[in-house]
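Asker: Input file: work.txt. Contents: compact mmCIF, C-alpha atoms.
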# COMPACT_ATOMS: atom_id res chain seq x y z
CA MET D 338 -24.25 -52.69 18.90
CA ARG D 339 -27.38 -54.75 19.54
CA GLU D 340 -25.36 -57.96 19.66
CA GLU D 341 -22.86 -56.43 22.02
CA PHE D 342 -25.68 -55.26 24.27
CA GLN D 343 -27.16 -58.76 24.28
CA ALA D 344 -23.77 -60.22 25.15
CA ASP D 345 -23.47 -57.75 28.06
CA LEU D 346 -26.95 -58.66 29.29
CA ASN D 347 -26.11 -62.35 29.07
CA GLU D 348 -23.06 -61.78 31.22
CA VAL D 349 -25.16 -59.89 33.79
CA SER D 350 -27.65 -62.77 33.80
CA ARG D 351 -24.88 -65.30 34.33
CA LEU D 352 -23.63 -63.32 37.33
CA LEU D 353 -27.16 -63.23 38.75
CA VAL D 354 -27.56 -66.99 38.29
CA THR D 355 -24.24 -67.57 40.10
CA MET D 356 -25.46 -65.28 42.88
CA ALA D 357 -28.83 -67.07 43.12
CA GLU D 358 -27.07 -70.42 43.37
CA ALA D 359 -24.74 -69.06 46.05
CA VAL D 360 -27.59 -67.70 48.22
CA ARG D 361 -29.43 -70.98 47.76
CA ALA D 362 -26.39 -72.97 48.92
CA ALA D 363 -25.88 -70.52 51.82
CA LEU D 364 -29.38 -71.05 53.23
CA ARG D 365 -29.21 -74.84 52.79
CA LYS D 366 -25.97 -74.93 54.75
CA ALA D 367 -27.21 -72.43 57.35
CA THR D 368 -30.32 -74.55 57.89
CA SER D 369 -28.23 -77.65 58.31
CA ALA D 370 -26.04 -75.75 60.82
CA LEU D 371 -29.20 -74.70 62.65
CA LEU D 372 -30.90 -78.08 62.80
CA THR D 373 -27.82 -80.12 63.65
CA ALA D 374 -25.91 -77.50 65.74
CA ASP D 375 -23.04 -77.79 63.25
CA LEU D 376 -20.58 -75.01 64.12
CA LYS D 377 -18.32 -75.57 61.12
CA ALA D 378 -21.19 -75.26 58.69
CA ALA D 379 -22.34 -72.06 60.42
CA GLU D 380 -18.87 -70.54 60.24
CA SER D 381 -18.51 -71.46 56.61
CA VAL D 382 -21.75 -69.63 55.70
CA ILE D 383 -20.63 -66.56 57.66
CA GLU D 384 -17.17 -66.51 56.05
CA ARG D 385 -18.47 -67.02 52.54
CA ASP D 386 -21.00 -64.18 52.58
CA ILE D 387 -18.24 -61.91 51.25
CA GLU D 388 -18.22 -64.01 48.07
CA ILE D 389 -21.87 -63.12 47.51
CA ASP D 390 -21.12 -59.47 48.23
CA ALA D 391 -18.30 -59.64 45.68
CA ILE D 392 -20.64 -60.89 42.94
CA TYR D 393 -23.02 -58.07 43.89
CA GLN D 394 -20.21 -55.59 43.21
CA GLN D 395 -19.45 -57.32 39.91
CA VAL D 396 -23.08 -56.96 38.80
CA GLU D 397 -23.00 -53.29 39.71
CA THR D 398 -19.75 -52.72 37.80
CA LYS D 399 -20.96 -54.69 34.79
CA VAL D 400 -24.28 -52.79 34.70
CA ALA D 401 -22.55 -49.40 34.91
CA ASP D 402 -20.14 -50.50 32.20
CA THR D 403 -23.02 -51.67 29.99
CA ILE D 404 -24.96 -48.43 30.43
CA ALA D 405 -21.86 -46.34 29.72
CA ARG D 406 -20.81 -48.27 26.62
CA GLN D 407 -24.19 -49.12 25.07
CA ALA D 408 -26.30 -46.15 26.21
CA PRO D 409 -29.45 -48.31 26.29
CA VAL D 410 -32.86 -46.60 26.29
CA ALA D 411 -36.48 -47.61 26.94
CA SER D 412 -36.96 -51.32 27.68
CA ASP D 413 -33.25 -52.09 27.28
CA LEU D 414 -32.46 -49.59 29.99
CA ARG D 415 -35.21 -50.96 32.20
CA MET D 416 -33.72 -54.43 31.85
CA VAL D 417 -30.30 -53.40 33.10
CA ILE D 418 -31.79 -51.38 35.97
CA THR D 419 -33.89 -54.41 36.88
CA ALA D 420 -30.68 -56.43 37.14
CA LEU D 421 -29.49 -54.01 39.82
CA HIS D 422 -32.65 -54.54 41.86
CA ILE D 423 -32.42 -58.31 41.52
CA SER D 424 -28.81 -58.34 42.69
CA ALA D 425 -29.72 -56.16 45.69
CA ASP D 426 -32.46 -58.65 46.65
CA LEU D 427 -30.08 -61.58 46.21
CA GLU D 428 -27.41 -59.87 48.29
CA ARG D 429 -29.95 -59.44 51.08
CA MET D 430 -30.98 -63.11 50.83
CA GLY D 431 -27.32 -63.96 51.42
CA ASP D 432 -27.32 -61.75 54.53
CA LEU D 433 -30.42 -63.52 55.84
CA ALA D 434 -28.77 -66.94 55.38
CA GLU D 435 -25.84 -65.50 57.32
CA HIS D 436 -28.21 -64.40 60.13
CA VAL D 437 -29.53 -67.97 60.39
CA ALA D 438 -25.94 -69.25 60.58
CA LYS D 439 -25.08 -66.67 63.25
CA THR D 440 -27.99 -67.81 65.40
CA ALA D 441 -26.71 -71.40 65.17
CA GLN D 442 -23.19 -70.19 66.01
CA ARG D 443 -24.32 -68.13 68.99
CA ARG D 444 -26.26 -70.98 70.60
CA HIS D 445 -23.67 -73.68 69.83
CA PRO D 446 -23.16 -76.29 71.31
CA SER D 447 -26.85 -76.07 72.30
CA PRO D 448 -29.26 -76.39 69.41
CA ALA D 449 -30.97 -73.01 68.75
CA VAL D 450 -34.19 -74.79 67.84
CA PRO D 451 -35.96 -77.23 70.18
CA ALA D 452 -37.03 -80.57 68.71
CA GLU D 453 -40.70 -79.68 68.30
CA LEU D 454 -39.85 -76.65 66.14
CA ARG D 455 -37.55 -78.55 63.79
CA PRO D 456 -40.31 -79.70 61.42
CA VAL D 457 -41.56 -76.14 60.85
CA PHE D 458 -38.05 -74.83 60.16
CA LYS D 459 -37.38 -77.78 57.91
CA GLY D 460 -40.57 -76.85 56.04
CA MET D 461 -39.57 -73.20 55.82
CA SER D 462 -36.12 -74.08 54.52
CA GLU D 463 -37.59 -76.37 51.88
CA VAL D 464 -39.95 -73.66 50.61
CA ALA D 465 -37.10 -71.15 50.59
CA ASP D 466 -34.86 -73.60 48.77
CA GLN D 467 -37.46 -74.23 46.06
CA MET D 468 -37.91 -70.49 45.61
CA ALA D 469 -34.18 -69.89 45.23
CA ALA D 470 -33.94 -72.77 42.75
CA LYS D 471 -36.85 -71.34 40.75
CA ILE D 472 -35.16 -67.96 40.62
CA ALA D 473 -31.87 -69.38 39.34
CA ASP D 474 -33.94 -71.19 36.71
CA LEU D 475 -36.01 -68.14 35.70
CA LEU D 476 -32.96 -65.92 35.41
CA GLY D 477 -31.86 -68.24 32.63
CA LYS D 478 -35.26 -68.16 30.90
CA PRO D 479 -37.76 -65.57 32.23
CA ASP D 480 -41.39 -66.74 32.25
CA ALA D 481 -44.09 -64.52 33.74
CA GLU D 482 -46.38 -67.38 34.76
CA GLN D 483 -43.63 -69.33 36.48
CA ALA D 484 -42.37 -66.17 38.17
CA ALA D 485 -45.85 -65.41 39.51
CA ALA D 486 -45.89 -68.92 41.02
CA LEU D 487 -43.30 -67.67 43.51
CA GLU D 488 -46.20 -65.89 45.22
CA SER D 489 -47.97 -69.14 46.05
CA ALA D 490 -44.73 -70.54 47.45
CA ASP D 491 -44.64 -67.40 49.59
CA ASP D 492 -48.16 -68.19 50.84
CA ALA D 493 -46.86 -71.56 52.00
CA MET D 494 -44.07 -69.73 53.85
CA ASP D 495 -46.59 -67.42 55.55
CA GLU D 496 -48.63 -70.42 56.64
CA LEU D 497 -45.53 -72.04 58.15
CA GLU D 498 -44.77 -68.79 59.97
CA ARG D 499 -48.29 -68.84 61.45
CA GLN D 500 -47.71 -72.43 62.62
CA LEU D 501 -44.42 -71.36 64.16
CA PHE D 502 -46.03 -68.54 66.11
CA LYS D 503 -48.80 -70.82 67.25
CA VAL D 504 -46.19 -73.01 68.97
CA LEU D 505 -44.15 -70.07 70.28
CA LEU D 506 -47.22 -68.37 71.78
CA ASP D 507 -48.75 -71.49 73.30
CA ASP D 508 -49.43 -71.02 77.00
CA ASP D 509 -47.51 -74.21 77.63
CA TRP D 510 -44.34 -73.07 75.81
CA PRO D 511 -41.65 -74.56 78.09
CA TYR D 512 -38.40 -73.05 76.72
CA GLY D 513 -38.46 -69.49 78.02
CA ALA D 514 -38.18 -66.12 76.36
CA GLU D 515 -34.72 -66.51 74.74
CA THR D 516 -35.66 -69.56 72.71
CA ALA D 517 -39.03 -67.99 71.81
CA ILE D 518 -37.24 -64.85 70.58
CA ASP D 519 -34.70 -66.88 68.59
CA GLY D 520 -37.56 -68.84 67.05
CA ALA D 521 -39.44 -65.68 66.08
CA LEU D 522 -36.36 -64.01 64.60
CA LEU D 523 -35.39 -67.16 62.70
CA GLY D 524 -38.92 -67.38 61.34
CA ARG D 525 -38.58 -63.81 60.19
CA PHE D 526 -35.26 -64.53 58.44
CA TYR D 527 -36.82 -67.33 56.37
CA GLU D 528 -39.92 -65.28 55.68
CA ARG D 529 -37.87 -62.26 54.55
CA TYR D 530 -35.73 -64.52 52.34
CA ALA D 531 -38.95 -65.64 50.65
CA ASP D 532 -40.17 -62.02 50.36
CA HIS D 533 -37.02 -61.08 48.49
CA ALA D 534 -37.55 -64.07 46.21
CA VAL D 535 -41.07 -62.76 45.48
CA ASN D 536 -39.62 -59.30 44.75
CA ILE D 537 -37.26 -60.92 42.26
CA GLY D 538 -40.22 -62.72 40.72
CA GLU D 539 -41.99 -59.36 40.30
CA GLN D 540 -38.91 -57.88 38.68
CA LEU D 541 -38.83 -60.83 36.30
CA VAL D 542 -42.52 -60.33 35.51
CA PHE D 543 -41.75 -56.69 34.79
CA LEU D 544 -38.96 -57.78 32.47
CA VAL D 545 -41.32 -60.03 30.56
CA THR D 546 -44.59 -58.09 30.63
CA GLY D 547 -43.51 -54.46 31.12
CA GLN D 548 -46.09 -54.16 33.95
CA PRO D 549 -44.88 -51.92 36.80
CA VAL D 550 -43.62 -53.46 40.00
CA ASP D 551 -45.16 -52.76 43.43
CA GLY D 552 -42.98 -51.29 46.17
CA GLN D 553 -41.06 -53.94 48.08
CA SER D 554 -42.96 -55.23 51.03
CA MET J 777 -25.96 -30.81 28.40
CA ARG J 778 -23.99 -30.53 31.62
CA GLU J 779 -26.47 -28.01 33.02
CA GLU J 780 -29.41 -30.18 32.06
CA PHE J 781 -27.76 -33.15 33.74
CA GLN J 782 -27.20 -31.11 36.88
CA ALA J 783 -30.85 -30.02 36.83
CA ASP J 784 -31.94 -33.66 36.53
CA LEU J 785 -29.69 -34.64 39.43
CA ASN J 786 -31.10 -31.81 41.52
CA GLU J 787 -34.59 -33.07 40.88
CA VAL J 788 -33.58 -36.60 41.91
CA SER J 789 -32.04 -35.16 45.09
CA ARG J 790 -35.20 -33.24 45.87
CA LEU J 791 -37.25 -36.43 45.52
CA LEU J 792 -34.84 -38.24 47.86
CA VAL J 793 -35.08 -35.45 50.44
CA THR J 794 -38.89 -35.64 50.29
CA MET J 795 -38.65 -39.39 50.75
CA ALA J 796 -36.24 -39.07 53.70
CA GLU J 797 -38.58 -36.59 55.37
CA ALA J 798 -41.52 -38.93 54.77
CA VAL J 799 -39.80 -41.95 56.31
CA ARG J 800 -38.69 -39.81 59.23
CA ALA J 801 -42.27 -38.62 59.85
CA ALA J 802 -43.52 -42.22 59.46
CA LEU J 803 -41.26 -43.58 62.20
CA ARG J 804 -42.01 -40.67 64.55
CA LYS J 805 -45.73 -41.30 64.19
CA ALA J 806 -45.34 -45.07 64.41
CA THR J 807 -43.35 -44.69 67.63
CA SER J 808 -46.01 -42.43 69.05
CA ALA J 809 -48.65 -45.01 68.08
CA LEU J 810 -46.55 -47.68 69.78
CA LEU J 811 -45.87 -45.86 73.03
CA THR J 812 -49.37 -44.42 73.50
CA ALA J 813 -51.42 -47.26 71.92
CA ASP J 814 -52.80 -44.70 69.44
CA LEU J 815 -54.72 -46.67 66.81
CA LYS J 816 -55.41 -43.72 64.53
CA ALA J 817 -51.74 -42.82 64.33
CA ALA J 818 -50.89 -46.45 63.56
CA GLU J 819 -53.48 -46.64 60.79
CA SER J 820 -52.29 -43.38 59.30
CA VAL J 821 -48.70 -44.67 59.02
CA ILE J 822 -49.92 -47.89 57.41
CA GLU J 823 -52.14 -46.07 54.91
CA ARG J 824 -49.51 -43.54 53.96
CA ASP J 825 -46.75 -46.03 53.14
CA ILE J 826 -48.04 -46.04 49.56
CA GLU J 827 -47.02 -42.38 49.31
CA ILE J 828 -43.43 -43.37 50.07
CA ASP J 829 -43.64 -46.20 47.54
CA ALA J 830 -44.93 -43.68 44.98
CA ILE J 831 -41.89 -41.40 45.45
CA TYR J 832 -39.70 -44.49 45.09
CA GLN J 833 -41.29 -45.11 41.69
CA GLN J 834 -40.77 -41.45 40.78
CA VAL J 835 -37.07 -41.68 41.59
CA GLU J 836 -36.79 -44.80 39.46
CA THR J 837 -38.58 -43.15 36.54
CA LYS J 838 -36.55 -39.95 36.84
CA VAL J 839 -33.26 -41.89 37.00
CA ALA J 840 -34.15 -43.98 33.93
CA ASP J 841 -35.18 -40.81 32.13
CA THR J 842 -31.94 -39.07 33.08
CA ILE J 843 -29.79 -41.98 31.94
CA ALA J 844 -31.69 -42.25 28.66
CA ARG J 845 -31.56 -38.55 27.83
CA GLN J 846 -28.13 -37.58 29.15
CA ALA J 847 -26.20 -40.84 28.68
CA PRO J 848 -23.98 -40.09 31.69
CA VAL J 849 -20.69 -41.96 32.04
CA ALA J 850 -18.08 -42.51 34.77
CA SER J 851 -18.77 -40.62 38.01
CA ASP J 852 -21.96 -39.02 36.64
CA LEU J 853 -23.37 -42.45 35.97
CA ARG J 854 -22.29 -43.68 39.40
CA MET J 855 -24.14 -40.76 40.96
CA VAL J 856 -27.47 -41.61 39.34
CA ILE J 857 -27.09 -45.31 40.15
CA THR J 858 -26.32 -44.34 43.75
CA ALA J 859 -29.63 -42.47 43.82
CA LEU J 860 -31.39 -45.75 43.03
CA HIS J 861 -29.72 -47.49 45.96
CA ILE J 862 -30.56 -44.65 48.32
CA SER J 863 -34.22 -44.68 47.31
CA ALA J 864 -34.37 -48.46 47.82
CA ASP J 865 -32.96 -48.03 51.36
CA LEU J 866 -35.44 -45.23 52.08
CA GLU J 867 -38.33 -47.29 50.77
CA ARG J 868 -37.35 -50.08 53.15
CA MET J 869 -37.11 -47.63 56.07
CA GLY J 870 -40.72 -46.70 55.30
CA ASP J 871 -41.70 -50.38 55.43
CA LEU J 872 -40.00 -50.75 58.81
CA ALA J 873 -41.93 -47.76 60.20
CA GLU J 874 -45.05 -49.49 58.88
CA HIS J 875 -44.07 -52.70 60.72
CA VAL J 876 -43.81 -50.74 63.99
CA ALA J 877 -47.25 -49.26 63.33
CA LYS J 878 -48.70 -52.69 62.56
CA THR J 879 -47.42 -54.05 65.87
CA ALA J 880 -49.18 -51.17 67.68
CA GLN J 881 -52.33 -51.85 65.65
CA ARG J 882 -52.31 -55.58 66.34
CA ARG J 883 -51.97 -55.18 70.12
CA HIS J 884 -54.42 -52.26 70.41
CA PRO J 885 -56.10 -51.41 72.80
CA SER J 886 -53.34 -53.03 74.89
CA PRO J 887 -49.97 -51.31 74.66
CA ALA J 888 -47.51 -53.49 72.71
CA VAL J 889 -44.68 -52.34 74.95
CA PRO J 890 -44.75 -52.71 78.76
CA ALA J 891 -43.85 -49.62 80.79
CA GLU J 892 -40.31 -50.70 81.65
CA LEU J 893 -39.39 -51.07 77.96
CA ARG J 894 -40.68 -47.64 76.96
CA PRO J 895 -37.46 -45.77 77.77
CA VAL J 896 -35.38 -48.05 75.54
CA PHE J 897 -37.80 -47.72 72.62
CA LYS J 898 -37.95 -43.98 73.17
CA GLY J 899 -34.15 -43.97 72.98
CA MET J 900 -34.14 -46.10 69.83
CA SER J 901 -36.71 -43.86 68.15
CA GLU J 902 -34.69 -40.76 69.01
CA VAL J 903 -31.51 -42.20 67.52
CA ALA J 904 -33.43 -43.30 64.42
CA ASP J 905 -35.04 -39.88 64.13
CA GLN J 906 -31.68 -38.10 64.31
CA MET J 907 -30.28 -40.42 61.65
CA ALA J 908 -33.21 -39.77 59.28
CA ALA J 909 -32.87 -36.01 59.88
CA LYS J 910 -29.13 -36.19 59.13
CA ILE J 911 -29.82 -38.04 55.89
CA ALA J 912 -32.36 -35.48 54.70
CA ASP J 913 -29.75 -32.85 55.49
CA LEU J 914 -26.85 -34.64 53.77
CA LEU J 915 -28.88 -35.29 50.62
CA GLY J 916 -29.03 -31.52 50.26
CA LYS J 917 -25.29 -31.08 50.85
CA PRO J 918 -23.20 -34.30 50.90
CA ASP J 919 -20.34 -34.28 53.40
CA ALA J 920 -18.23 -37.40 53.90
CA GLU J 921 -17.33 -36.64 57.51
CA GLN J 922 -20.92 -35.96 58.53
CA ALA J 923 -22.10 -39.05 56.65
CA ALA J 924 -19.56 -41.22 58.44
CA ALA J 925 -20.97 -39.90 61.75
CA LEU J 926 -24.08 -41.97 61.01
CA GLU J 927 -22.00 -44.98 62.03
CA SER J 928 -21.55 -43.73 65.58
CA ALA J 929 -25.28 -43.10 65.81
CA ASP J 930 -25.68 -46.72 64.73
CA ASP J 931 -23.39 -47.80 67.58
CA ALA J 932 -25.77 -46.05 69.97
CA MET J 933 -28.63 -48.01 68.40
CA ASP J 934 -26.77 -51.30 68.85
CA GLU J 935 -26.12 -50.45 72.50
CA LEU J 936 -29.84 -49.77 73.01
CA GLU J 937 -30.65 -53.09 71.38
CA ARG J 938 -28.30 -54.83 73.82
CA GLN J 939 -30.10 -53.10 76.71
CA LEU J 940 -33.43 -54.22 75.28
CA PHE J 941 -32.35 -57.86 75.10
CA LYS J 942 -30.96 -57.69 78.62
CA VAL J 943 -34.47 -56.86 79.86
CA LEU J 944 -36.22 -59.35 77.57
CA LEU J 945 -33.91 -62.19 78.59
CA ASP J 946 -33.93 -61.47 82.32
CA ASP J 947 -34.95 -64.51 84.33
CA ASP J 948 -37.60 -62.39 86.02
CA TRP J 949 -39.25 -61.24 82.75
CA PRO J 950 -42.93 -61.26 83.78
CA TYR J 951 -44.79 -60.65 80.49
CA GLY J 952 -44.58 -64.00 78.72
CA ALA J 953 -43.34 -65.06 75.30
CA GLU J 954 -45.64 -62.92 73.11
CA THR J 955 -44.53 -59.61 74.60
CA ALA J 956 -40.90 -60.77 74.56
CA ILE J 957 -41.21 -61.65 70.85
CA ASP J 958 -42.91 -58.34 70.04
CA GLY J 959 -40.16 -56.53 71.90
CA ALA J 960 -37.41 -58.40 70.03
CA LEU J 961 -39.03 -57.82 66.62
CA LEU J 962 -39.66 -54.14 67.37
CA GLY J 963 -36.03 -53.79 68.42
CA ARG J 964 -35.03 -55.32 65.13
CA PHE J 965 -37.24 -52.91 63.15
CA TYR J 966 -35.53 -49.88 64.72
CA GLU J 967 -32.11 -51.44 64.35
CA ARG J 968 -32.71 -52.26 60.67
CA TYR J 969 -34.02 -48.73 60.07
CA ALA J 970 -30.69 -47.46 61.44
CA ASP J 971 -28.75 -49.97 59.30
CA HIS J 972 -30.40 -48.62 56.17
CA ALA J 973 -29.52 -45.10 57.30
CA VAL J 974 -25.88 -46.23 57.59
CA ASN J 975 -26.06 -47.75 54.10
CA ILE J 976 -27.29 -44.41 52.81
CA GLY J 977 -24.41 -42.72 54.60
CA GLU J 978 -21.98 -45.08 52.82
CA GLN J 979 -23.59 -44.30 49.48
CA LEU J 980 -23.18 -40.60 50.23
CA VAL J 981 -19.53 -41.16 51.14
CA PHE J 982 -19.10 -42.95 47.83
CA LEU J 983 -20.68 -39.98 46.06
CA VAL J 984 -18.25 -37.61 47.71
CA THR J 985 -15.02 -39.63 47.91
CA GLY J 986 -15.39 -42.21 45.12
CA GLN J 987 -14.42 -44.93 47.63
CA PRO J 988 -16.27 -48.21 47.04
CA VAL J 989 -19.16 -49.16 49.28
CA ASP J 990 -19.26 -52.38 51.34
CA GLY J 991 -22.08 -54.85 50.81
CA GLN J 992 -25.19 -54.01 52.81
CA SER J 993 -25.20 -55.67 56.20
For the file at hand, write its structure as structure tokens.
Answerer:
Amino acid sequence: MREEFQADLNEVSRLLVTMAEAVRAALRKATSALLTADLKAAESVIERDIEIDAIYQQVETKVADTIARQAPVASDLRMVITALHISADLERMGDLAEHVAKTAQRRHPSPAVPAELRPVFKGMSEVADQMAAKIADLLGKPDAEQAAALESADDAMDELERQLFKVLLDDDWPYGAETAIDGALLGRFYERYADHAVNIGEQLVFLVTGQPVDGQS
Amino acid sequence: MREEFQADLNEVSRLLVTMAEAVRAALRKATSALLTADLKAAESVIERDIEIDAIYQQVETKVADTIARQAPVASDLRMVITALHISADLERMGDLAEHVAKTAQRRHPSPAVPAELRPVFKGMSEVADQMAAKIADLLGKPDAEQAAALESADDAMDELERQLFKVLLDDDWPYGAETAIDGALLGRFYERYADHAVNIGEQLVFLVTGQPVDGQS
């Protein structure tokens, strides 16, 4: 029974790793669509979000199947429930990548982001990409210390968001309200993506240490 | 066993109703803080978000306890897992109410919303309030038709968001980028609150009809 349970858990983990890699690829491509006004890339991210949703459903089915067949209790049960939370966060990260792509699509053929904002979005996308990579890695081998390091990456994201708003709110901002709003919403999409990555890190810490998780922020 | 399981489910439902009522009250108060620049109301919403997070933890604990003791399978198991999803959506609705309150707090003593945008935010808050009320109601007695009606309320929210952006993006917008950005983000908070309400409606439909739920959008 124990071996079967472990095999089920391994399969859930593999699905989560696939999902983490998919949401990582989605945001990379969405960022490229955003920064180079690449309509095809944007459309591809939007079309492929259903693949991420499909893995989300697979995780859910596999977890329900595991609970029903193995009747796990205590920490085993917590582990499978944690997998549900992680997949919900990953699914949402996929949606946020899709929102970035939709912004690029809506403004095409104009670039959604003026030249002076490109460095900050490039920075945000790099932080987000490292976080997604770390998650895919940690899902394979959970490590509380490494998972907690996601929080400092999130601090870097918050700092980039402050820089972004400093530019958007400058008295000399020359691009009007629409571009300011797009910039603020895009900043929020990257920042939320990072927040979900931090949530996943907390879930992983919980898996490893048994310490309770704070409410999502 | 069956009676015990039903009693456990009833307790989970009661917790979810309490949570729905709490997130409804939070957004009402946050809206009032926003539209009347009421700092105390804003602070109260922010402080009390931990109460919503605490109920979220209680749902999680109660669900794990129910699964461990009753070992539900098939549709019974789906029902308890659905409760987890609903509580996660409610928890996020609480966070969004808190975001509205924080915007009011940050701009105090100035109003965050100029006079001509107040009607649209009043409209958004009324739609959101009706949706939260409907959810509290449906958690007591699930009804697929009523739950599906949440989608038309969401259409009303989307229409209000379009009206909001029409004002924000008008060439004659006189309030500068910061107020435009606040307006766009606030609009998004209400719209996301409604999206989570729709998700909950879909979960309820799933509970009643057994039809699969789409990925969250």
Asker: Which is closer to Ile423 (chain D) than all the others in D:Gln540, D:Gln500, D:Gln394, D:Ser447, using all atoms listed in the file?
Answerer: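 Smallest distance to Ile423 (chain D) is found for D:Gln540.
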Asker: What gap, in Å, lies between CA of Asn536 (chain D) and CA of Ala850 (chain J)?
Answerer: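 Separation between CA of Asn536 (chain D) and CA of Ala850 (chain J): 29.1 Å.
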Asker: Once you count all atoms listed in the file, what closest atom pair and distance in Å to one decimal does each residue of chain D within 7 Å of chain J have, with rows by chain and rising residue number, as a tab-separated table?
Answerer:
residue	atom	partner	partner_atom	distance
D:Asp390	CA	J:Gly991	CA	5.4
D:Ala405	CA	J:Val849	CA	5.1
D:Ala408	CA	J:Ala847	CA	5.9
D:Pro409	CA	J:Ala844	CA	6.9
D:Val410	CA	J:Ala844	CA	5.1
D:Asp432	CA	J:Ser993	CA	6.7
D:Leu506	CA	J:Glu954	CA	5.8
D:Ala514	CA	J:Ala953	CA	5.4
D:Glu515	CA	J:Leu945	CA	5.8
D:Ala517	CA	J:Ala953	CA	6.3
D:Ile518	CA	J:Ile957	CA	5.1
D:Ala521	CA	J:Ile957	CA	6.5
D:Gly552	CA	J:Asp829	CA	5.3
D:Ser554	CA	J:Asp871	CA	6.7
Asker: Could you name the residues that touch Leu352 (chain D) at 10 Å or less, counting only C-alpha atoms, but leaving out those on the same chain fewer than 5 positions away, as a ChimeraX atom specification?
Answerer: /D:346-347,357-358,392-393,395-396,399,420,424,476
Asker: Residues around (-34.0, -47.9, 62.9), cut-off 9 Å, counting only C-alpha atoms - what are they as a ChimeraX atom specification?
Answerer: /J:803,869,872-873,900-901,903-905,907-908,930,933,963-973
Asker: In Å to one decimal, how far is CA of Val943 (chain J) from CA of Arg894 (chain J)?
Answerer: 11.5 Å
Asker: Residues around (-16.1, -39.9, 58.9), cut-off 12 Å, counting all atoms listed in the file - what are they as a list in words?
Answerer: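 Checked against the point, the hits come out as Asp919, Ala920, Glu921, Gln922, Ala923, Ala924, Ala925, Leu926, Glu927, Ser928, Ala929, Val974, Gly977, Glu978, Leu980, Val981, Phe982, Val984 and Thr985 of chain J.
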Asker: Excluding Lys878 (chain J) and any residue of its chain fewer than 2 positions from it, enumerate the residues within 10 Å of it, using only C-alpha atoms, and give them as a list in words.
Answerer: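 Once the nearby chain positions are removed, what remains is Ala806, Ala809, Leu810, Leu815, Ala818, Glu819, Val821, Ile822, Leu872, Ala873, Glu874, His875, Val876, Ala880, Gln881, Arg882, Arg883 and His884 of chain J.
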Asker: Which distance in Å separates CA of Leu983 (chain J) and CA of Ala801 (chain J), to one decimal?
Answerer: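 Value for the CA of Leu983 (chain J)-CA of Ala801 (chain J) distance: 25.7 Å.
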Asker: Taking only C-alpha atoms into account, which of D:Pro446, D:Phe458, D:Glu340, D:Thr368 comes nearest Arg499 (chain D)?
Answerer: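 Closest candidate: D:Phe458.
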